[in-house]
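Here the structure comes first, spelled out in structure tokens, and everything after it is commentary.
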Amino acid sequence: MYLLITLGHVASDREDYGRAIELLEESLALSREMGHGLGLAGSVMSLATVSYQRGDLKRANELYEESLDLARDTGMQPILLTALEGYACVAGARGEARRAAQLSGAAQALQEAKGMPRDTDWLAEADASIYAVRAELGEEAWEEAWRKGRKMTLEEAASCALEDAASG
């Protein structure tokens with residue numbers, strides 16, 4: 001299953017999103033069948049990211065929700081961090097700039113508090129998406145919403161993200 005995830009990442013890096021989805025769906029099915037928590041979390045998160053890259057915001061929301069639930073249930077905070085960043089990107093793509101700023105602030109605060117590295121495969125795309133939303137919202141409004149996100153507890157950030165998923 002890990003090889004399928006890696007191959008899915010390679011296909012995604014080559015912008016062959018159809019092939020990436022096929023590989024990641026296969027990994028997800030195998031992970032579910034085996035009941036493998038870490039593989040399941042990795043498969044779901046990777047599939048969420050590719051769905052976002054492909055422009056399927058509804059599917060990305062569904063998968064980020066599952067990722068968030070898995071991360072909270074198992075304590076996999078790096079998955080939680082990437083899920084919050086993913087939610088921020090989806091919110092921005094849907095024109096929810098303030099929510100995107102709040103989730104971005106919450107994700108950064110979590111990353112700093114726990115000393116977690118960011119997912120390097122996702123880093124450039126997430127930063128570019130957030131930068132575009134930041135420019136759209138304007139610096140003052142961005143900073144206000146971002147600071148609000150940084151003050152959120154983990155549960156508040158998760159609730160904010162899940163509200164986003166429910167509206168998608």
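Order determines the names: the first chain of the structure tokens is A, the second B, and so forth; residues in each chain are numbered 1 upward, and ligands are numbered 1 upward as they are shown.
Excluding segment 43-59 of chain A and any residue on its chain fewer than 4 positions from it, the residues at most 8 Å away by only C-alpha atoms are A:Ile5, A:Gly8, A:His9, A:Ser12, A:Tyr17, A:Ala20, A:Ile21, A:Leu24, A:Glu25, A:Ser27, A:Leu28, A:Ser31, A:Gly39, A:Leu63, A:Tyr64, A:Glu66, A:Ser67, A:Ile79, A:Thr82, A:Ala83, A:Gly86, A:Val90, A:Trp122, A:Gly168.
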Checklist outcome for this item: For Leu30 of chain A, the closest of A:Ala126, A:Ala93, A:Met1, A:Ala107 counting only C-alpha atoms is A:Met1
Next on the checklist: When you count only C-alpha atoms, which of these residues is closest to Arg134 of chain A: A:Glu96, A:Glu112, A:Glu163, A:Glu65?
Outcome noted: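 Of the candidates, the smallest distance to Arg134 of chain A is held by A:Glu96.
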Contacts of Ile130 of chain A within 8 Å, only C-alpha atoms, excl. fewer than 5 positions in-chain, as a PDB file with N, CA and C atoms, in the first residue's frame:
```pdb
ATOM      1  N   ALA A  88      -7.935  24.800   4.531  1.00  0.00           N
ATOM      2  CA  ALA A  88      -7.697  26.218   4.251  1.00  0.00           C
ATOM      3  C   ALA A  88      -7.660  26.465   2.744  1.00  0.00           C
ATOM      4  N   CYS A  89      -6.993  25.593   2.016  1.00  0.00           N
ATOM      5  CA  CYS A  89      -6.907  25.739   0.561  1.00  0.00           C
ATOM      6  C   CYS A  89      -8.270  25.577  -0.101  1.00  0.00           C
ATOM      7  N   GLY A  92     -10.362  28.629   0.562  1.00  0.00           N
ATOM      8  CA  GLY A  92      -9.922  29.708  -0.316  1.00  0.00           C
ATOM      9  C   GLY A  92     -10.417  29.532  -1.736  1.00  0.00           C
ATOM     10  N   ALA A 100     -10.425  30.530   5.327  1.00  0.00           N
ATOM     11  CA  ALA A 100      -9.115  30.054   4.868  1.00  0.00           C
ATOM     12  C   ALA A 100      -8.006  30.654   5.728  1.00  0.00           C
ATOM     13  N   ALA A 101      -8.106  31.943   6.016  1.00  0.00           N
ATOM     14  CA  ALA A 101      -7.100  32.605   6.847  1.00  0.00           C
ATOM     15  C   ALA A 101      -7.085  32.027   8.260  1.00  0.00           C
ATOM     16  N   SER A 104      -5.576  28.563   8.170  1.00  0.00           N
ATOM     17  CA  SER A 104      -4.139  28.675   7.928  1.00  0.00           C
ATOM     18  C   SER A 104      -3.410  29.081   9.212  1.00  0.00           C
TER      19      SER A 104
END
```
Where does segment 1-90 of chain A meet segment 142-159 of chain A within 9 Å, residue by residue, with the nearest atom pair and distance in Å to one decimal for each, counting only C-alpha atoms, listed by chain and rising number, as a tab-separated table?
```
residue	atom	partner	partner_atom	distance
A:Leu68	CA	A:Ala158	CA	7.4
A:Leu80	CA	A:Ala158	CA	8.8
A:Leu84	CA	A:Ala158	CA	7.6
```
Take the selection from the previous step and output its residues with C-alpha atoms, as a PDB file, in the first residue's frame.
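To be explicit, this is the file written out as selection34.pdb:
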```
ATOM      1  CA  LEU A  68      -9.233  14.851  10.303  1.00  0.00           C
ATOM      2  CA  LEU A  80      -4.082  16.779  11.303  1.00  0.00           C
ATOM      3  CA  LEU A  84      -6.122  21.816   8.309  1.00  0.00           C
TER       4      LEU A  84
END
```
Item to check | Point-to-point distance from atom CA of Asp16 of chain A to atom CA of Met76 of chain A, Å rounded to tenths | outcome: 28.3 Å
Checklist entry - Between A:Ser129, A:Gln102, A:Gln108, A:Asn61, which is the closest to Cys160 of chain A once you count only C-alpha atoms? => result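 Once distances to Cys160 of chain A are computed over only C-alpha atoms, the minimum belongs to A:Gln102.
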